[in-house]
file model.txt (compact mmCIF, C-alpha atoms)
# COMPACT_ATOMS: atom_id res chain seq x y z
CA MET E 1 83.72 62.51 49.03
CA LEU E 2 82.54 65.77 50.56
CA LEU E 3 82.78 66.16 54.30
CA ASN E 4 80.32 68.22 56.28
CA SER E 5 82.39 71.21 57.54
CA ALA E 6 79.69 72.68 59.75
CA LYS E 7 80.71 72.99 63.39
CA PRO E 8 78.63 71.02 65.84
CA THR E 9 76.32 73.07 67.99
CA VAL E 10 76.88 73.19 71.71
CA SER E 11 73.97 73.67 74.04
CA PRO E 12 74.21 76.44 76.65
CA ASP E 13 74.35 73.79 79.35
CA THR E 14 77.54 72.35 77.90
CA GLN E 15 79.41 75.60 77.10
CA PRO E 16 83.01 75.48 78.40
CA GLU E 17 83.87 77.79 81.24
CA SER E 18 85.34 81.16 80.27
CA GLN E 19 89.13 81.29 80.33
CA GLY E 20 89.14 85.03 81.07
CA PRO E 21 89.85 86.57 84.45
CA SER E 22 87.15 86.16 87.01
CA VAL E 23 85.72 89.04 89.03
CA SER E 24 86.09 88.51 92.76
CA SER E 25 83.05 89.12 94.87
CA ALA E 26 83.14 91.83 97.48
CA SER E 27 82.90 89.21 100.21
CA SER E 28 86.26 87.75 99.17
CA LYS E 29 88.15 91.00 99.80
CA LEU E 30 89.86 91.76 103.09
CA ILE E 31 88.75 95.40 102.87
CA PHE E 32 86.12 96.68 100.45
CA ALA E 33 84.78 100.24 99.99
CA PRO E 34 85.38 101.68 103.48
CA THR E 35 83.21 104.73 104.15
CA GLY E 36 85.47 106.70 106.47
CA GLY E 37 82.93 106.73 109.27
CA SER E 38 80.08 107.99 107.12
CA THR E 39 76.55 107.72 108.51
CA GLU E 40 75.03 107.73 105.02
CA GLY E 41 74.25 104.06 104.62
CA GLY E 42 77.41 102.66 103.05
CA HIS E 43 78.35 105.78 101.09
CA ALA E 44 81.73 107.45 101.56
CA VAL E 45 82.11 110.61 103.61
CA GLN E 46 81.40 113.76 101.61
CA TYR E 47 83.64 116.82 101.82
CA ALA E 48 81.67 120.04 102.29
CA GLN E 49 83.73 122.35 104.49
CA GLY E 50 84.85 124.80 101.86
CA ALA E 51 85.77 125.76 98.31
CA LEU E 52 88.88 127.10 96.61
CA ASN E 53 88.73 129.71 93.86
CA ARG E 54 91.42 131.18 91.65
CA GLU E 55 91.05 134.62 93.23
CA ASP E 56 91.77 133.09 96.65
CA LEU E 57 95.32 132.11 95.68
CA ALA E 58 98.56 133.95 96.44
CA SER E 59 101.00 134.53 93.58
CA SER E 60 103.57 132.07 94.97
CA PRO E 61 102.99 128.59 96.41
CA THR E 62 105.11 129.28 99.50
CA ASP E 63 102.93 132.29 100.35
CA GLN E 64 99.80 130.23 99.72
CA PHE E 65 101.13 127.40 101.89
CA GLN E 66 101.97 129.81 104.70
CA LYS E 67 98.38 131.11 104.55
CA TRP E 68 96.88 127.61 104.68
CA PHE E 69 99.29 126.50 107.40
CA GLN E 70 98.23 129.36 109.66
CA GLU E 71 94.58 128.52 108.99
CA ALA E 72 95.33 124.90 109.89
CA ILE E 73 96.78 125.99 113.23
CA LYS E 74 93.71 128.12 113.96
CA ALA E 75 91.48 125.17 113.05
CA ASN E 76 93.35 122.97 115.55
CA VAL E 77 94.59 120.57 112.89
CA TYR E 78 96.61 117.92 114.69
CA GLN E 79 100.32 118.46 113.99
CA PRO E 80 99.84 120.21 110.61
CA GLU E 81 103.60 119.97 110.02
CA THR E 82 103.23 116.20 109.57
CA VAL E 83 104.01 115.26 105.98
CA THR E 84 104.68 112.23 103.82
CA LEU E 85 108.13 112.44 102.23
CA ALA E 86 108.48 110.30 99.11
CA THR E 87 111.77 109.51 97.37
CA ALA E 88 112.91 107.03 94.73
CA SER E 89 116.23 105.34 94.02
CA LEU E 90 117.96 105.13 90.65
CA PRO E 91 118.46 103.25 88.43
CA ASP E 92 115.79 100.83 89.67
CA GLY E 93 113.20 103.56 90.29
CA ARG E 94 111.92 101.95 93.50
CA PRO E 95 109.88 104.49 95.49
CA SER E 96 109.72 104.76 99.26
CA ALA E 97 107.69 107.00 101.55
CA ARG E 98 107.55 107.84 105.24
CA MET E 99 105.97 110.32 107.64
CA VAL E 100 108.22 113.15 108.84
CA PHE E 101 107.84 116.67 110.22
CA MET E 102 108.36 119.77 108.09
CA LYS E 103 110.41 121.99 110.37
CA GLU E 104 111.03 125.06 108.21
CA LEU E 105 109.59 126.96 105.27
CA ASP E 106 111.33 129.82 103.52
CA GLU E 107 111.12 131.42 100.11
CA LYS E 108 113.31 128.65 98.69
CA GLY E 109 111.31 125.69 99.95
CA PHE E 110 110.32 123.13 102.58
CA VAL E 111 112.87 121.75 105.07
CA VAL E 112 112.87 118.36 106.81
CA TYR E 113 115.57 116.89 109.06
CA SER E 114 117.02 113.40 109.21
CA ASN E 115 120.09 111.18 109.11
CA TRP E 116 121.58 111.61 105.63
CA GLU E 117 124.17 108.85 105.83
CA THR E 118 122.42 105.56 106.62
CA SER E 119 118.68 106.06 106.09
CA ARG E 120 116.76 104.78 103.06
CA LYS E 121 115.82 108.33 102.12
CA ALA E 122 119.51 109.27 102.18
CA SER E 123 120.35 106.47 99.77
CA ASP E 124 117.51 107.49 97.47
CA VAL E 125 118.51 111.16 97.44
CA ARG E 126 122.15 110.35 96.69
CA SER E 127 121.13 108.60 93.48
CA ASN E 128 118.12 110.77 92.66
CA PRO E 129 118.01 114.28 94.18
CA GLN E 130 114.26 114.63 93.76
CA ALA E 131 111.49 114.33 96.35
CA ALA E 132 107.77 114.80 96.89
CA LEU E 133 105.76 115.89 99.92
CA THR E 134 102.09 115.35 100.72
CA PHE E 135 100.29 117.15 103.55
CA TRP E 136 96.80 115.99 104.58
CA TRP E 137 94.75 118.20 106.91
CA ARG E 138 91.70 116.10 107.68
CA GLU E 139 90.00 118.70 109.87
CA MET E 140 89.91 121.14 106.93
CA GLU E 141 89.55 118.57 104.13
CA ARG E 142 92.67 119.96 102.47
CA GLN E 143 95.71 118.45 100.83
CA VAL E 144 98.95 119.99 99.57
CA ARG E 145 101.36 118.20 97.25
CA VAL E 146 104.91 119.36 96.53
CA GLU E 147 107.42 118.06 93.97
CA GLY E 148 110.93 119.34 93.46
CA HIS E 149 114.66 118.88 93.67
CA VAL E 150 116.56 118.80 96.93
CA GLU E 151 119.60 120.33 98.57
CA ARG E 152 121.35 119.73 101.90
CA LEU E 153 121.50 122.56 104.38
CA LYS E 154 124.90 123.63 105.63
CA ASP E 155 125.86 122.43 109.10
CA GLU E 156 125.58 125.93 110.54
CA GLU E 157 122.00 126.17 109.21
CA SER E 158 121.08 122.76 110.65
CA GLN E 159 122.65 123.69 113.99
CA VAL E 160 120.05 126.43 114.48
CA TYR E 161 117.19 123.93 114.46
CA TYR E 162 119.19 121.18 116.19
CA ASP E 163 119.69 123.47 119.21
CA THR E 164 115.89 123.72 119.66
CA ARG E 165 115.55 119.96 120.24
CA ILE E 166 115.45 118.46 123.70
CA ARG E 167 118.76 117.05 124.86
CA GLY E 168 117.58 113.45 124.48
CA SER E 169 116.75 114.00 120.81
CA ARG E 170 120.12 115.60 120.17
CA ILE E 171 121.86 112.66 121.83
CA GLY E 172 119.67 110.25 119.86
CA ALA E 173 120.71 111.77 116.55
CA TRP E 174 124.34 110.91 117.36
CA ALA E 175 123.51 107.43 118.69
CA SER E 176 121.30 106.03 115.93
CA PRO E 177 122.60 104.93 112.51
CA GLN E 178 119.06 105.24 111.23
CA SER E 179 117.54 102.29 109.35
CA LYS E 180 120.49 99.98 109.99
CA VAL E 181 119.61 96.52 111.33
CA LEU E 182 119.53 96.50 115.15
CA ASP E 183 120.24 93.34 117.13
CA GLY E 184 118.19 94.53 120.09
CA ARG E 185 117.04 97.54 122.07
CA GLU E 186 119.97 97.04 124.42
CA GLU E 187 122.41 97.81 121.59
CA LEU E 188 120.73 101.15 120.92
CA GLU E 189 120.54 102.04 124.61
CA GLY E 190 124.23 101.23 124.96
CA ARG E 191 125.14 103.66 122.20
CA VAL E 192 122.93 106.33 123.77
CA LYS E 193 124.80 105.85 127.07
CA ASP E 194 128.14 106.18 125.27
CA VAL E 195 127.08 109.44 123.62
CA GLU E 196 125.73 110.79 126.92
CA GLN E 197 129.14 110.14 128.48
CA ARG E 198 130.86 111.81 125.54
CA PHE E 199 128.87 115.01 126.04
CA ALA E 200 128.49 114.83 129.81
CA GLY E 201 128.25 118.28 131.37
CA LYS E 202 127.97 119.98 127.98
CA GLU E 203 124.80 121.75 126.91
CA ASP E 204 126.17 122.83 123.53
CA ILE E 205 126.20 119.69 121.41
CA PRO E 206 127.33 119.99 117.78
CA VAL E 207 125.03 118.77 115.05
CA PRO E 208 126.28 115.39 113.76
CA PRO E 209 128.00 115.70 110.35
CA PHE E 210 125.67 113.00 108.95
CA TRP E 211 122.48 114.62 110.28
CA GLY E 212 120.74 117.79 109.21
CA GLY E 213 118.26 119.56 107.02
CA LEU E 214 117.14 118.79 103.51
CA ARG E 215 115.33 121.47 101.55
CA ILE E 216 112.80 120.44 98.92
CA ILE E 217 112.85 123.28 96.37
CA PRO E 218 109.41 123.19 94.73
CA GLU E 219 108.89 122.96 91.01
CA VAL E 220 105.23 121.86 91.21
CA VAL E 221 102.83 122.53 94.11
CA GLU E 222 99.16 121.56 94.20
CA PHE E 223 96.50 122.85 96.59
CA TRP E 224 93.46 120.60 96.96
CA GLN E 225 90.19 121.44 98.69
CA GLY E 226 87.70 118.62 99.16
CA ARG E 227 84.23 119.07 97.64
CA GLN E 228 81.08 116.98 97.49
CA SER E 229 80.72 114.05 95.05
CA ARG E 230 84.53 114.00 94.73
CA LEU E 231 84.37 117.12 92.52
CA HIS E 232 87.30 118.66 94.38
CA ASP E 233 88.93 122.03 93.74
CA ARG E 234 92.54 121.59 92.60
CA PHE E 235 95.03 124.29 91.64
CA ARG E 236 98.56 123.53 90.46
CA TYR E 237 101.49 125.95 90.60
CA THR E 238 104.21 125.14 88.05
CA LYS E 239 107.56 126.93 88.04
CA ASP E 240 107.72 129.26 85.03
CA GLY E 241 110.99 131.17 84.81
CA GLU E 242 111.15 133.43 87.85
CA GLY E 243 107.41 133.16 88.47
CA TRP E 244 104.64 130.60 88.67
CA LYS E 245 101.93 129.41 86.30
CA ILE E 246 98.64 128.49 88.00
CA ASP E 247 96.19 126.02 86.48
CA ARG E 248 92.92 124.58 87.72
CA LEU E 249 92.89 120.79 87.38
CA ASN E 250 90.04 118.36 86.92
CA PRO E 251 89.25 116.49 90.14
call {"tool": "encode", "arguments": {"input": "model.txt", "output": "structure tokens"}}
result
Amino acid sequence: MLLNSAKPTVSPDTQPESQGPSVSSASSKLIFAPTGGSTEGGHAVQYAQGALNREDLASSPTDQFQKWFQEAIKANVYQPETVTLATASLPDGRPSARMVFMKELDEKGFVVYSNWETSRKASDVRSNPQAALTFWWREMERQVRVEGHVERLKDEESQVYYDTRIRGSRIGAWASPQSKVLDGREELEGRVKDVEQRFAGKEDIPVPPFWGGLRIIPEVVEFWQGRQSRLHDRFRYTKDGEGWKIDRLNP
């Protein structure tokens, strides 16, 4: 006996629902397509303040950064030294990032200061001596990205910057085991009082042995100038022997 092997037809009204992933509607999202304050009817803000050409660039990224930093100061960029410092721990590879101030730039690299004993960044750097920086200068529609390996400054180098801080900040560096769990504000204030007593009557306060500068020695630096339609100008410096290779990147 032959059986009819044809599959029964299913009308469109009785088709089973798709088992694939569904696309959420925009109304279900907590935030969707913010426009950055644009007045152009729901379209994102366009960047049109400038352009960046190959002939504009200095031969080294530190010289180019110095040039842009001075231009940022003249343009009244708010705290242009503000930078995101990103690190990652090994072997798990977990990244972490935070806002800090770049306090120095020399021919070797970019220097930030912090507690290098108890902070998350300290733990990351101990296992993985690499870091990245990202500067964003909104008023000029510019971004600078830095990637490289790191080195601790010697205490005598850190002391030079430490002495420029107000007394309260110098005391605070001694009093705070940064990122450790704190039972309450009173605990921190008690430690501050103890340190104040320790250095009472002394203006010269030594830099704490666990606190100081970290230099990010660049291996890759990118300069980014915003352009319209997201067709930004991007130039990447890559360390090449004793010099630098410069490439234009797609936006």
call {"tool": "closest_atom_pairs", "arguments": {"input": "model.txt", "of": "segment 89-116 of chain E", "to": "segment 177-186 of chain E", "cutoff": "10 Å", "atoms": "all atoms listed in the file", "output": "CSV"}}
result
residue,atom,partner,partner_atom,distance
E:Ser114,CA,E:Gln178,CA,8.7
E:Asn115,CA,E:Gln178,CA,6.4
E:Trp116,CA,E:Gln178,CA,8.8
call {"tool": "atom_distance", "arguments": {"input": "model.txt", "atom1": "atom CA of Ile217 of chain E", "atom2": "atom CA of Arg234 of chain E"}}
result
20.7 Å
call {"tool": "residues_around", "arguments": {"input": "model.txt", "residues": "segment 127-138 of chain E", "least_positions_apart": "2", "cutoff": "7 Å", "atoms": "all atoms listed in the file", "output": "number ranges by chain"}}
result
E: 77, 80, 82-90, 123-125, 140-150, 216
call {"tool": "closest_residue", "arguments": {"input": "model.txt", "among": "E:Arg120, E:Val220, E:Asn76, E:Lys245", "to": "Ser96 of chain E", "atoms": "only C-alpha atoms"}}
result
E:Arg120
call {"tool": "atom_distance", "arguments": {"input": "model.txt", "atom1": "atom CA of Asp194 of chain E", "atom2": "atom CA of Gly168 of chain E"}}
result
12.8 Å
call {"tool": "residues_around", "arguments": {"input": "model.txt", "residues": "Asp240 of chain E", "least_positions_apart": "4", "cutoff": "12 Å", "atoms": "all atoms listed in the file", "output": "PDB file with C-alpha atoms, in the coordinates of the input"}}
result
ATOM      1  CA  SER E  60     103.570 132.070  94.970  1.00  0.00           C
ATOM      2  CA  PRO E 218     109.410 123.190  94.730  1.00  0.00           C
ATOM      3  CA  GLU E 219     108.890 122.960  91.010  1.00  0.00           C
ATOM      4  CA  VAL E 220     105.230 121.860  91.210  1.00  0.00           C
ATOM      5  CA  TRP E 244     104.640 130.600  88.670  1.00  0.00           C
ATOM      6  CA  LYS E 245     101.930 129.410  86.300  1.00  0.00           C
ATOM      7  CA  ILE E 246      98.640 128.490  88.000  1.00  0.00           C
TER       8      ILE E 246
END
call {"tool": "atom_distance", "arguments": {"input": "model.txt", "atom1": "atom CA of Leu249 of chain E", "atom2": "atom CA of Lys108 of chain E"}}
result
24.6 Å
call {"tool": "residues_around", "arguments": {"input": "model.txt", "residues": "Trp174 of chain E", "least_positions_apart": "5", "cutoff": "12 Å", "atoms": "all atoms listed in the file", "output": "list of chain:residue names"}}
result
E:Ser114, E:Asn115, E:Glu117, E:Tyr162, E:Arg167, E:Gly168, E:Ser169, E:Leu188, E:Arg191, E:Val192, E:Lys193, E:Asp194, E:Val195, E:Glu196, E:Arg198, E:Phe199, E:Ile205, E:Pro206, E:Val207, E:Pro208, E:Pro209, E:Phe210, E:Trp211, E:Gly212
call {"tool": "closest_residue", "arguments": {"input": "model.txt", "among": "E:Gly93, E:Ala173, E:Gly190, E:Phe223", "to": "Trp68 of chain E", "atoms": "all atoms listed in the file"}}
result
E:Phe223
call {"tool": "closest_residue", "arguments": {"input": "model.txt", "among": "E:Arg215, E:Arg98, E:Lys103, E:Lys121", "to": "Arg152 of chain E", "atoms": "all atoms listed in the file"}}
result
E:Arg215
call {"tool": "closest_residue", "arguments": {"input": "model.txt", "among": "E:Leu214, E:Arg248, E:Gln66, E:Tyr161", "to": "Val100 of chain E", "atoms": "all atoms listed in the file"}}
result
E:Leu214
call {"tool": "closest_residue", "arguments": {"input": "model.txt", "among": "E:Glu203, E:Lys67, E:Asp56, E:Ser119", "to": "Ala97 of chain E", "atoms": "only C-alpha atoms"}}
result
E:Ser119
call {"tool": "residues_around", "arguments": {"input": "model.txt", "residues": "segment 43-46 of chain E", "least_positions_apart": "6", "cutoff": "10 Å", "atoms": "only C-alpha atoms", "output": "ChimeraX atom specification"}}
result
/E:33-37,141,226-230
call {"tool": "write_last_selection", "arguments": {"input": "model.txt", "atoms": "C-alpha atoms", "output": "short mmCIF file (atom, residue, chain, number, x, y, z; two decimals), in the coordinates of the input"}}
result
data_model
loop_
_atom_site.label_atom_id
_atom_site.label_comp_id
_atom_site.auth_asym_id
_atom_site.auth_seq_id
_atom_site.Cartn_x
_atom_site.Cartn_y
_atom_site.Cartn_z
CA ALA E 33 84.78 100.24 99.99
CA PRO E 34 85.38 101.68 103.48
CA THR E 35 83.21 104.73 104.15
CA GLY E 36 85.47 106.70 106.47
CA GLY E 37 82.93 106.73 109.27
CA GLU E 141 89.55 118.57 104.13
CA GLY E 226 87.70 118.62 99.16
CA ARG E 227 84.23 119.07 97.64
CA GLN E 228 81.08 116.98 97.49
CA SER E 229 80.72 114.05 95.05
CA ARG E 230 84.53 114.00 94.73
#
call {"tool": "decode", "arguments": {"input": "model.txt", "residues": "segment 31-45 of chain E", "atoms": "all heavy atoms", "output": "PDB file, in the first residue's frame"}}
result
ATOM      1  N   ILE E  31      16.829  54.045  26.430  1.00  0.00           N
ATOM      2  CA  ILE E  31      17.392  55.169  25.671  1.00  0.00           C
ATOM      3  C   ILE E  31      17.529  54.711  24.228  1.00  0.00           C
ATOM      4  O   ILE E  31      18.011  53.607  23.967  1.00  0.00           O
ATOM      5  CB  ILE E  31      18.772  55.598  26.210  1.00  0.00           C
ATOM      6  CG1 ILE E  31      18.660  56.065  27.665  1.00  0.00           C
ATOM      7  CG2 ILE E  31      19.384  56.698  25.350  1.00  0.00           C
ATOM      8  CD1 ILE E  31      20.001  56.357  28.315  1.00  0.00           C
ATOM      9  N   PHE E  32      17.105  55.543  23.298  1.00  0.00           N
ATOM     10  CA  PHE E  32      17.196  55.157  21.887  1.00  0.00           C
ATOM     11  C   PHE E  32      17.560  56.373  21.040  1.00  0.00           C
ATOM     12  O   PHE E  32      16.872  57.384  21.045  1.00  0.00           O
ATOM     13  CB  PHE E  32      15.877  54.574  21.390  1.00  0.00           C
ATOM     14  CG  PHE E  32      15.906  54.192  19.926  1.00  0.00           C
ATOM     15  CD1 PHE E  32      16.610  53.062  19.516  1.00  0.00           C
ATOM     16  CD2 PHE E  32      15.274  54.970  18.974  1.00  0.00           C
ATOM     17  CE1 PHE E  32      16.666  52.708  18.167  1.00  0.00           C
ATOM     18  CE2 PHE E  32      15.321  54.621  17.630  1.00  0.00           C
ATOM     19  CZ  PHE E  32      16.019  53.484  17.225  1.00  0.00           C
ATOM     20  N   ALA E  33      18.699  56.274  20.328  1.00  0.00           N
ATOM     21  CA  ALA E  33      19.142  57.273  19.352  1.00  0.00           C
ATOM     22  C   ALA E  33      19.126  58.705  19.877  1.00  0.00           C
ATOM     23  O   ALA E  33      18.496  59.580  19.288  1.00  0.00           O
ATOM     24  CB  ALA E  33      18.302  57.167  18.080  1.00  0.00           C
ATOM     25  N   PRO E  34      19.838  58.975  20.996  1.00  0.00           N
ATOM     26  CA  PRO E  34      19.914  60.367  21.454  1.00  0.00           C
ATOM     27  C   PRO E  34      20.599  61.241  20.412  1.00  0.00           C
ATOM     28  O   PRO E  34      21.451  60.758  19.653  1.00  0.00           O
ATOM     29  CB  PRO E  34      20.724  60.269  22.743  1.00  0.00           C
ATOM     30  CG  PRO E  34      21.517  59.010  22.602  1.00  0.00           C
ATOM     31  CD  PRO E  34      20.652  58.064  21.814  1.00  0.00           C
ATOM     32  N   THR E  35      20.237  62.500  20.358  1.00  0.00           N
ATOM     33  CA  THR E  35      20.729  63.389  19.303  1.00  0.00           C
ATOM     34  C   THR E  35      21.779  64.378  19.781  1.00  0.00           C
ATOM     35  O   THR E  35      22.240  65.213  19.012  1.00  0.00           O
ATOM     36  CB  THR E  35      19.562  64.170  18.688  1.00  0.00           C
ATOM     37  OG1 THR E  35      18.966  64.986  19.704  1.00  0.00           O
ATOM     38  CG2 THR E  35      18.524  63.224  18.101  1.00  0.00           C
ATOM     39  N   GLY E  36      22.132  64.321  21.060  1.00  0.00           N
ATOM     40  CA  GLY E  36      23.174  65.216  21.558  1.00  0.00           C
ATOM     41  C   GLY E  36      22.793  66.682  21.547  1.00  0.00           C
ATOM     42  O   GLY E  36      23.640  67.561  21.413  1.00  0.00           O
ATOM     43  N   GLY E  37      21.499  66.958  21.657  1.00  0.00           N
ATOM     44  CA  GLY E  37      21.059  68.352  21.668  1.00  0.00           C
ATOM     45  C   GLY E  37      20.864  68.945  20.293  1.00  0.00           C
ATOM     46  O   GLY E  37      20.730  70.161  20.144  1.00  0.00           O
ATOM     47  N   SER E  38      20.833  68.119  19.269  1.00  0.00           N
ATOM     48  CA  SER E  38      20.657  68.616  17.912  1.00  0.00           C
ATOM     49  C   SER E  38      19.295  69.286  17.748  1.00  0.00           C
ATOM     50  O   SER E  38      18.300  68.876  18.349  1.00  0.00           O
ATOM     51  CB  SER E  38      20.782  67.464  16.916  1.00  0.00           C
ATOM     52  OG  SER E  38      20.424  67.873  15.608  1.00  0.00           O
ATOM     53  N   THR E  39      19.241  70.290  16.897  1.00  0.00           N
ATOM     54  CA  THR E  39      17.975  70.959  16.575  1.00  0.00           C
ATOM     55  C   THR E  39      17.449  70.508  15.208  1.00  0.00           C
ATOM     56  O   THR E  39      16.513  71.103  14.683  1.00  0.00           O
ATOM     57  CB  THR E  39      18.176  72.486  16.551  1.00  0.00           C
ATOM     58  OG1 THR E  39      19.192  72.823  15.587  1.00  0.00           O
ATOM     59  CG2 THR E  39      18.593  72.996  17.921  1.00  0.00           C
ATOM     60  N   GLU E  40      18.058  69.466  14.665  1.00  0.00           N
ATOM     61  CA  GLU E  40      17.715  69.022  13.310  1.00  0.00           C
ATOM     62  C   GLU E  40      16.722  67.875  13.310  1.00  0.00           C
ATOM     63  O   GLU E  40      16.944  66.822  12.701  1.00  0.00           O
ATOM     64  CB  GLU E  40      18.979  68.612  12.552  1.00  0.00           C
ATOM     65  CG  GLU E  40      19.964  69.754  12.366  1.00  0.00           C
ATOM     66  CD  GLU E  40      21.172  69.329  11.544  1.00  0.00           C
ATOM     67  OE1 GLU E  40      21.141  68.214  10.980  1.00  0.00           O
ATOM     68  OE2 GLU E  40      22.137  70.097  11.481  1.00  0.00           O
ATOM     69  N   GLY E  41      15.644  68.029  14.016  1.00  0.00           N
ATOM     70  CA  GLY E  41      14.539  67.086  13.929  1.00  0.00           C
ATOM     71  C   GLY E  41      14.883  65.629  14.111  1.00  0.00           C
ATOM     72  O   GLY E  41      14.592  64.817  13.229  1.00  0.00           O
ATOM     73  N   GLY E  42      15.494  65.277  15.237  1.00  0.00           N
ATOM     74  CA  GLY E  42      15.759  63.877  15.531  1.00  0.00           C
ATOM     75  C   GLY E  42      17.061  63.342  14.982  1.00  0.00           C
ATOM     76  O   GLY E  42      17.400  62.183  15.216  1.00  0.00           O
ATOM     77  N   HIS E  43      17.803  64.144  14.229  1.00  0.00           N
ATOM     78  CA  HIS E  43      19.094  63.707  13.702  1.00  0.00           C
ATOM     79  C   HIS E  43      20.216  64.100  14.654  1.00  0.00           C
ATOM     80  O   HIS E  43      20.140  65.121  15.344  1.00  0.00           O
ATOM     81  CB  HIS E  43      19.350  64.329  12.323  1.00  0.00           C
ATOM     82  CG  HIS E  43      18.424  63.824  11.273  1.00  0.00           C
ATOM     83  ND1 HIS E  43      18.156  64.512  10.110  1.00  0.00           N
ATOM     84  CD2 HIS E  43      17.679  62.688  11.209  1.00  0.00           C
ATOM     85  CE1 HIS E  43      17.298  63.830   9.373  1.00  0.00           C
ATOM     86  NE2 HIS E  43      16.991  62.716  10.020  1.00  0.00           N
ATOM     87  N   ALA E  44      21.260  63.290  14.700  1.00  0.00           N
ATOM     88  CA  ALA E  44      22.375  63.548  15.611  1.00  0.00           C
ATOM     89  C   ALA E  44      23.115  64.824  15.228  1.00  0.00           C
ATOM     90  O   ALA E  44      23.101  65.258  14.074  1.00  0.00           O
ATOM     91  CB  ALA E  44      23.337  62.362  15.600  1.00  0.00           C
ATOM     92  N   VAL E  45      23.778  65.403  16.224  1.00  0.00           N
ATOM     93  CA  VAL E  45      24.597  66.588  15.991  1.00  0.00           C
ATOM     94  C   VAL E  45      25.669  66.274  14.950  1.00  0.00           C
ATOM     95  O   VAL E  45      26.278  65.199  14.957  1.00  0.00           O
ATOM     96  CB  VAL E  45      25.256  67.036  17.313  1.00  0.00           C
ATOM     97  CG1 VAL E  45      26.355  68.067  17.056  1.00  0.00           C
ATOM     98  CG2 VAL E  45      24.212  67.611  18.256  1.00  0.00           C
TER      99      VAL E  45
END
